Amino acid sequence: MPPEQTNLLQGTLDMMILKSLALGEMHGLGISRRIEQITKGTFQVKPGSLFPALHRMEEQGWLVSCWGESENNRRAKYYKLTGAGRHQLEAETKRWRRIVFAISRTLEAS
Amino acid sequence: MGLEHLASLLRNLFHKQREERELDAEVRAHELLMADEKIRAGIDLQEARRQARLELGGLEQVKEQVREMRSGHGLEIFIQDVRFGLRMLRKSPGFTAVAVLTLALGIGANTSIFSVVSAVLLRPLPYANPGQLIFVSEAKPEAGISGLGMSYPTFTELRDDNRVFSAIAGLGGHALVLTGHGEPSEVSTVVVTSEFFSVLAAEPLLGRAFVAEDGQRGAAPVVVLSENLWHDRFGADPRIISRSITLDMRPYTVIGVMPASFHTPFLNQTNQVWIPLAQDPLFSVWMTKPLREHWMAVIARVRPDISSAQLRTELDTIGARLANEFPAEKGWAIRTEPLQQTITGDVKLPLLLLLGAVGLVLLIACTNVANLLLSRATWRSKEIAIRIALGAGKRRIGRQLLTECAILGLLGGLTGTLVAYWGVATLVPLLPSSLPKFHSIRVDSWVLVFAFVLSLATTLVFGLAPVLSAAGSDPHKELGEGARAGESAGPRRARTFLAVAEIALAMVLLTGAGLLMRSFSELTSVNPGFEPDHVVKAMVSLPQFQYSTPKQWAAFSEELMTGLQAQPGMQDSAIAGPLPIVDCCITLAFQIVGNPPLPAGTDDSANYVPVSPHYFSVMGIPLLRGRLFNESDSSSSAPVALITEALAKHYFPNEDPLGRHLLFGFPANGIVSREIVGIVGDIHDVSLGKEPGPMLYVPFAQAPLYGAEVVVKSMLSTSAVVGAIRAVTHGIDKNLPVTDIAQLPNALNASVAQPRFRTLLLGLFGAIALILAAVGIFGVISYSVSRRTRELGIRMALGAQPGSVLSMIMRETLALTLIGIAVGIPCAVATARLITHLLFKVTPYDPVTLALVPLVLIAVGALASYIPARRAMRVDPMVALRYE
């Protein structure tokens, strides 16, 4: 896979995770179900991609995590956006819009 | 962000366990949450848990993916890999030891030998612009005389009348007696023309070098000292300049001191002096007499703008003119060659041979390590398959294996470095003294790096093999029937190929070693024609200015002999000119009186030795016909000579030489006609390796020299004999030095130091190659046996006898060895032909060596496969069939 594409996809996953967390704190499964819900099942985030992404974003300071109780009394790790995370979400959103705009223009032109 | 990054890096590195616990809990919770979801959707508990596990995609895999994401992952993995690698290497100490030792031997041996070769052969001579320096000599191609020196008249012609040299100088060497500063001692004296130091562009440490005036006849005697002599004898006194020292009882004014870094071509000694030719008591005669003795070594610096073709043309022109002017010069041509070539010519082939041999050792070492690694790789393919099945990434495993191999390579390299330093330190004192030592021999760092990198590359490339094969393999297959079906053909073939290559290379090395050993044993079993046992020799030299007439020399020798005979315990004693092999030789032209004169430009020659009457009994040389010398052969009686059998056979094939006369003499102004009074046995005069040639003996009393070798046969200890010689000599003159003391057998031994050195080293390399090849065969066979345990079990269950299993395994080895030998023989013969010049009485096709070496290889192969074969024989069919 060429690196650009990976970056795009990685950036996309990051953006979707940040977006899901914009509404409030959530555990891993919640995030992946949220993304499935928003994209109507187009994106299914597997644990093998989700957890590395969460841990990476936590290391980058976009997220913080803490242990909490789930709705049916299970202990789960909850993730929350930080200020830097919100900032990142805004930047990602802007960037994404620019890309989508550019790609649409390209497709229309042909 | 950077700070957070650092914080998480530190957390990851130092709170690893907590992080790991958290990660595990998080992923497990995730799985439980997913199961909960499914239960809520109405799936029963068992099924929900199964589906959740599937959806998770493997707990360990997810965790590993998170770990790989973490910062500090690379470092952490590296540390982990190093620890794991070290543990794996510790777990198989046999493998590790063999691999590390193999690499260390290969690297160490190569670096040591190359360090010697580089210092002796490859580094340029330590003079300014060494490429311009050439050796100029006169050769007589039709008489087969080459590489000799030059006569003084030819030298002056060249010096005064050429347009190609910026400077040209001649040199010769002998020893003078230094008295007055401590014990009288002989000091190596280089007799030079005044241009000597300027040709080599050498600057003195102190004072000045020679100028043209110093070289004039009648100039004040001057001397230049070597730094070492200045230290040892004159306490490094800076006021030495313009002081006077005594050489051969004659004062010389010190004008300069040459630094220790200056080396005299051909004649280098640490303690030496340089004097102008005009001031030399011995060689200066040749400046005035129009004698064409080719005694002088001539070096020249070619002008930078002169091409080699111009040089050739110019020298040919001068040569032709000389031949016209001096009929005696007819047939002589002027030859040149680069000075470096002249100096290193003799040792080049033996050194390159050794270099080639260690190169082979390195090759075998790498092959062996490759073989070991491949064997191990197949051992570990199952381990790797399990790890892949458990969630390890292939790149991750690859990294780990690479780290392990790199550790192995580094260990081998470091041990090899130690071996190299040890090897150089051991080798230097063993080096034959005839080796030119212009540069101190140190471990050559470039070669060390090269060998190090090569060993690392070998371990890495062959260590990766299991990763590559694992990448293509399917864990199911490897863990299922794959393991039992036996090894795939690829690696097996590679290993067989490597083992065959090792045997072939070992064959080449062993053949070389075998030929040298055979030739050395031939050389040392040569009967020299005399009996050196219980003979002690010592040199006594007479200072020229004190003992200047032949009469004095003869009187001294007579007094010395009488004194020695009177000492108790001396069986017999004599003095002689050059001793055979030890000193070698004065070659003189002679004419047979009564025979027609020879055509101009040709002459007959024989080696010449003046001896006292008892010489033949001391040396055990038999008289074949006529009589030996006796006390009545004196300077006043008729001149007589003894000839050797070889001379008699060659020059008097059909007549009786006794009573005939020969015309010869030394020095050339002493030519007289001598009657042949007897024929004595042939001896090896030049060296053990050269067939005896014609020789002439004359009574010392009739042709005395200013110094001679004393030989004493005695059953007393060497020190007692030397003490007696010293006592008698100093009883006559307390200023005379007694030097070059040796037991004759030891002196003969020293004459074969070079062949012994190369035979020893090549034998050592051959032995290493043999051991390595044995290890290679052992590896291949023992691996093959372990892989075939099941097959062997079935065979035995079906009734195969242990003996037949044994012979099956041994046959496999034999086939391997035979292929290796078949490949090796032509290579060995081709290599042997390259070293024909180093062989004595042995041809490169020596049937004994070519038959013996394969037998040794077969025997070693059988030995190496015997242990695994025995293991195969003891396979219990029941165990083998249940195995795996």
# chains A, B, ... in the order shown; residues from 1 in each chain; ligands from 1
$ interface_residues --of "chain B" --to "chain A" --cutoff "6 Å" --atoms "only C-alpha atoms" --output "short mmCIF file (atom, residue, chain, number, x, y, z; two decimals) with N, CA and C atoms, in the first residue's frame"
data_model
loop_
_atom_site.label_atom_id
_atom_site.label_comp_id
_atom_site.auth_asym_id
_atom_site.auth_seq_id
_atom_site.Cartn_x
_atom_site.Cartn_y
_atom_site.Cartn_z
N ALA B 29 -12.05 -6.54 28.67
CA ALA B 29 -13.32 -5.86 28.92
C ALA B 29 -14.08 -5.65 27.61
N LEU B 56 -13.09 -10.16 18.06
CA LEU B 56 -11.91 -9.50 18.59
C LEU B 56 -10.68 -9.77 17.70
N VAL B 62 -4.20 -8.35 19.12
CA VAL B 62 -4.61 -6.96 19.34
C VAL B 62 -3.60 -6.28 20.26
N VAL B 66 -1.18 -3.00 19.55
CA VAL B 66 -1.11 -1.78 20.37
C VAL B 66 0.34 -1.52 20.79
N MET B 69 2.47 0.13 18.39
CA MET B 69 2.13 1.52 18.17
C MET B 69 2.85 2.43 19.15
#
$ residues_around --residues "Pro432 of chain B" --least-positions-apart "5" --cutoff "10 Å" --atoms "only C-alpha atoms" --output "PDB file with C-alpha atoms, in the first residue's frame"
ATOM      1  CA  LEU B 427      53.611 -14.213  14.297  1.00  0.00           C
ATOM      2  CA  ALA B 750      68.099 -21.394  10.528  1.00  0.00           C
ATOM      3  CA  SER B 751      68.850 -21.577   6.814  1.00  0.00           C
ATOM      4  CA  VAL B 752      65.481 -23.245   6.224  1.00  0.00           C
ATOM      5  CA  ALA B 753      63.584 -20.753   8.414  1.00  0.00           C
ATOM      6  CA  GLN B 754      61.456 -19.439   5.552  1.00  0.00           C
ATOM      7  CA  PRO B 755      60.254 -22.807   4.249  1.00  0.00           C
ATOM      8  CA  ARG B 756      59.720 -23.935   7.843  1.00  0.00           C
ATOM      9  CA  PHE B 757      57.669 -20.836   8.582  1.00  0.00           C
ATOM     10  CA  ARG B 758      55.380 -21.249   5.603  1.00  0.00           C
TER      11      ARG B 758
END
$ select_by_dssp --residues "chain A" --states "strand (DSSP E)" --output "JSON, numbers by chain"
{"A": [26, 27, 63, 64, 65, 66, 67, 68, 69, 75, 76, 77, 78, 79, 80, 81]}
$ closest_residue --among "A:Met15, A:Leu21, A:Val100, A:Ala91" --to "Val64 of chain A" --atoms "only C-alpha atoms"
A:Leu21
$ atom_distance --atom1 "atom CA of Leu628 of chain B" --atom2 "atom CA of Ala742 of chain B"
26.4 Å
$ select_by_dssp --residues "segment 322-403 of chain B" --states "alpha helix (DSSP H)" --output "PyMOL selection string"
chain B and resi 322-325+339-389+394-403
$ closest_residue --among "B:Ser557, B:Ser226, B:Thr836, B:Thr496" --to "Ala701 of chain B" --atoms "only C-alpha atoms"
B:Ser557
$ atom_distance --atom1 "atom CA of Glu645 of chain B" --atom2 "atom CA of Pro694 of chain B"
7.5 Å
$ residues_around --residues "Leu89 of chain A" --least-positions-apart "2" --cutoff "9 Å" --atoms "only C-alpha atoms" --output "MDAnalysis selection string"
chainID A and resid 14:16 18:19 22 84:87 91:94
$ write_last_selection --atoms "N, CA and C atoms" --output "compact mmCIF listing (two decimals), in the first residue's frame"
# COMPACT_ATOMS: atom_id res chain seq x y z
N ASP A 14 -8.70 8.33 12.75
CA ASP A 14 -8.47 9.24 13.87
C ASP A 14 -9.61 10.25 13.95
N MET A 15 -9.95 10.83 12.77
CA MET A 15 -10.97 11.87 12.73
C MET A 15 -12.30 11.33 13.22
N MET A 16 -12.62 10.10 12.77
CA MET A 16 -13.91 9.54 13.15
C MET A 16 -13.95 9.25 14.64
N LEU A 18 -12.20 10.87 16.95
CA LEU A 18 -12.28 12.17 17.63
C LEU A 18 -13.72 12.70 17.56
N LYS A 19 -14.32 12.54 16.37
CA LYS A 19 -15.69 13.03 16.17
C LYS A 19 -16.66 12.33 17.11
N ALA A 22 -16.45 13.63 20.50
CA ALA A 22 -16.78 15.05 20.67
C ALA A 22 -18.02 15.21 21.54
N ALA A 84 -6.36 19.63 23.24
CA ALA A 84 -5.56 19.36 22.04
C ALA A 84 -6.35 18.49 21.08
N GLY A 85 -7.11 17.55 21.62
CA GLY A 85 -7.93 16.65 20.80
C GLY A 85 -8.98 17.44 20.01
N ARG A 86 -9.63 18.39 20.71
CA ARG A 86 -10.64 19.21 20.00
C ARG A 86 -9.99 20.00 18.89
N HIS A 87 -8.86 20.55 19.21
CA HIS A 87 -8.10 21.32 18.24
C HIS A 87 -7.79 20.46 17.02
N ALA A 91 -8.92 20.79 13.05
CA ALA A 91 -7.93 20.81 11.97
C ALA A 91 -8.19 19.69 10.97
N GLU A 92 -8.47 18.51 11.51
CA GLU A 92 -8.73 17.34 10.65
C GLU A 92 -9.97 17.60 9.80
N THR A 93 -11.00 18.14 10.43
CA THR A 93 -12.25 18.39 9.70
C THR A 93 -12.00 19.34 8.55
N LYS A 94 -11.26 20.43 8.86
CA LYS A 94 -10.96 21.41 7.79
C LYS A 94 -10.20 20.74 6.65
$ atom_distance --atom1 "atom CA of Phe616 of chain B" --atom2 "atom CA of Phe629 of chain B"
9.1 Å
$ closest_residue --among "A:Thr12, A:Gln88, A:Gln44, A:Thr82" --to "Ile31 of chain A" --atoms "only C-alpha atoms"
A:Gln44
$ residues_around --residues "Leu322 of chain B" --least-positions-apart "6" --cutoff "12 Å" --atoms "only C-alpha atoms" --output "VMD selection string"
chain B and resid 138 151 153 to 158 161 292 315 to 316 328 to 334
$ closest_residue --among "B:Ser375, B:Asn630, B:Ser242, B:Gln702" --to "Pro610 of chain B" --atoms "only C-alpha atoms"
B:Gln702
$ residues_around --residues "Gly766 of chain B" --least-positions-apart "4" --cutoff "10 Å" --atoms "only C-alpha atoms" --output "list in words"
Ala357, Val358, Leu360, Val361, Leu505, Ala506, Met507, Val508, Leu509, Leu510, Thr511, Gly512, Ala513, Gly514, Leu760, Leu761, Leu762, Leu770, Ile771 and Leu772 of chain B
$ write_last_selection --atoms "N, CA and C atoms" --output "PDB file, in the first residue's frame"
ATOM      1  N   ALA B 357      45.832 -18.931   1.387  1.00  0.00           N
ATOM      2  CA  ALA B 357      45.425 -19.998   2.289  1.00  0.00           C
ATOM      3  C   ALA B 357      44.496 -19.486   3.380  1.00  0.00           C
ATOM      4  N   VAL B 358      44.838 -18.338   3.987  1.00  0.00           N
ATOM      5  CA  VAL B 358      43.927 -17.841   5.024  1.00  0.00           C
ATOM      6  C   VAL B 358      42.620 -17.370   4.422  1.00  0.00           C
ATOM      7  N   LEU B 360      41.109 -18.879   2.063  1.00  0.00           N
ATOM      8  CA  LEU B 360      40.328 -20.116   2.011  1.00  0.00           C
ATOM      9  C   LEU B 360      39.778 -20.458   3.394  1.00  0.00           C
ATOM     10  N   VAL B 361      40.621 -20.251   4.420  1.00  0.00           N
ATOM     11  CA  VAL B 361      40.154 -20.552   5.775  1.00  0.00           C
ATOM     12  C   VAL B 361      38.930 -19.695   6.111  1.00  0.00           C
ATOM     13  N   LEU B 505      37.195 -27.119  -0.454  1.00  0.00           N
ATOM     14  CA  LEU B 505      38.148 -26.091  -0.029  1.00  0.00           C
ATOM     15  C   LEU B 505      39.209 -26.691   0.902  1.00  0.00           C
ATOM     16  N   ALA B 506      38.743 -27.566   1.796  1.00  0.00           N
ATOM     17  CA  ALA B 506      39.688 -28.211   2.710  1.00  0.00           C
ATOM     18  C   ALA B 506      40.683 -29.046   1.908  1.00  0.00           C
ATOM     19  N   MET B 507      40.184 -29.663   0.852  1.00  0.00           N
ATOM     20  CA  MET B 507      41.048 -30.474  -0.016  1.00  0.00           C
ATOM     21  C   MET B 507      42.166 -29.606  -0.602  1.00  0.00           C
ATOM     22  N   VAL B 508      41.792 -28.416  -1.087  1.00  0.00           N
ATOM     23  CA  VAL B 508      42.780 -27.508  -1.671  1.00  0.00           C
ATOM     24  C   VAL B 508      43.838 -27.141  -0.629  1.00  0.00           C
ATOM     25  N   LEU B 509      43.366 -26.727   0.549  1.00  0.00           N
ATOM     26  CA  LEU B 509      44.303 -26.298   1.600  1.00  0.00           C
ATOM     27  C   LEU B 509      45.198 -27.439   2.065  1.00  0.00           C
ATOM     28  N   LEU B 510      44.584 -28.600   2.268  1.00  0.00           N
ATOM     29  CA  LEU B 510      45.362 -29.725   2.769  1.00  0.00           C
ATOM     30  C   LEU B 510      46.390 -30.177   1.742  1.00  0.00           C
ATOM     31  N   THR B 511      46.011 -30.108   0.458  1.00  0.00           N
ATOM     32  CA  THR B 511      46.972 -30.486  -0.572  1.00  0.00           C
ATOM     33  C   THR B 511      48.169 -29.544  -0.532  1.00  0.00           C
ATOM     34  N   GLY B 512      47.872 -28.229  -0.457  1.00  0.00           N
ATOM     35  CA  GLY B 512      48.958 -27.249  -0.371  1.00  0.00           C
ATOM     36  C   GLY B 512      49.843 -27.541   0.834  1.00  0.00           C
ATOM     37  N   ALA B 513      49.201 -27.752   1.990  1.00  0.00           N
ATOM     38  CA  ALA B 513      49.948 -28.005   3.208  1.00  0.00           C
ATOM     39  C   ALA B 513      50.757 -29.292   3.071  1.00  0.00           C
ATOM     40  N   GLY B 514      50.122 -30.316   2.502  1.00  0.00           N
ATOM     41  CA  GLY B 514      50.785 -31.607   2.336  1.00  0.00           C
ATOM     42  C   GLY B 514      52.012 -31.489   1.446  1.00  0.00           C
ATOM     43  N   LEU B 760      54.823 -24.474   8.430  1.00  0.00           N
ATOM     44  CA  LEU B 760      54.147 -24.463   9.727  1.00  0.00           C
ATOM     45  C   LEU B 760      52.785 -23.788   9.614  1.00  0.00           C
ATOM     46  N   LEU B 761      52.776 -22.587   9.008  1.00  0.00           N
ATOM     47  CA  LEU B 761      51.527 -21.847   8.931  1.00  0.00           C
ATOM     48  C   LEU B 761      50.521 -22.557   8.050  1.00  0.00           C
ATOM     49  N   LEU B 762      50.980 -23.036   6.894  1.00  0.00           N
ATOM     50  CA  LEU B 762      50.037 -23.687   5.996  1.00  0.00           C
ATOM     51  C   LEU B 762      49.507 -24.969   6.629  1.00  0.00           C
ATOM     52  N   LEU B 770      40.524 -28.643   8.132  1.00  0.00           N
ATOM     53  CA  LEU B 770      40.070 -30.018   8.340  1.00  0.00           C
ATOM     54  C   LEU B 770      39.040 -30.059   9.476  1.00  0.00           C
ATOM     55  N   ILE B 771      39.352 -29.358  10.567  1.00  0.00           N
ATOM     56  CA  ILE B 771      38.428 -29.345  11.702  1.00  0.00           C
ATOM     57  C   ILE B 771      37.097 -28.714  11.294  1.00  0.00           C
ATOM     58  N   LEU B 772      37.192 -27.611  10.577  1.00  0.00           N
ATOM     59  CA  LEU B 772      35.964 -26.923  10.163  1.00  0.00           C
ATOM     60  C   LEU B 772      35.137 -27.812   9.243  1.00  0.00           C
TER      61      LEU B 772
END
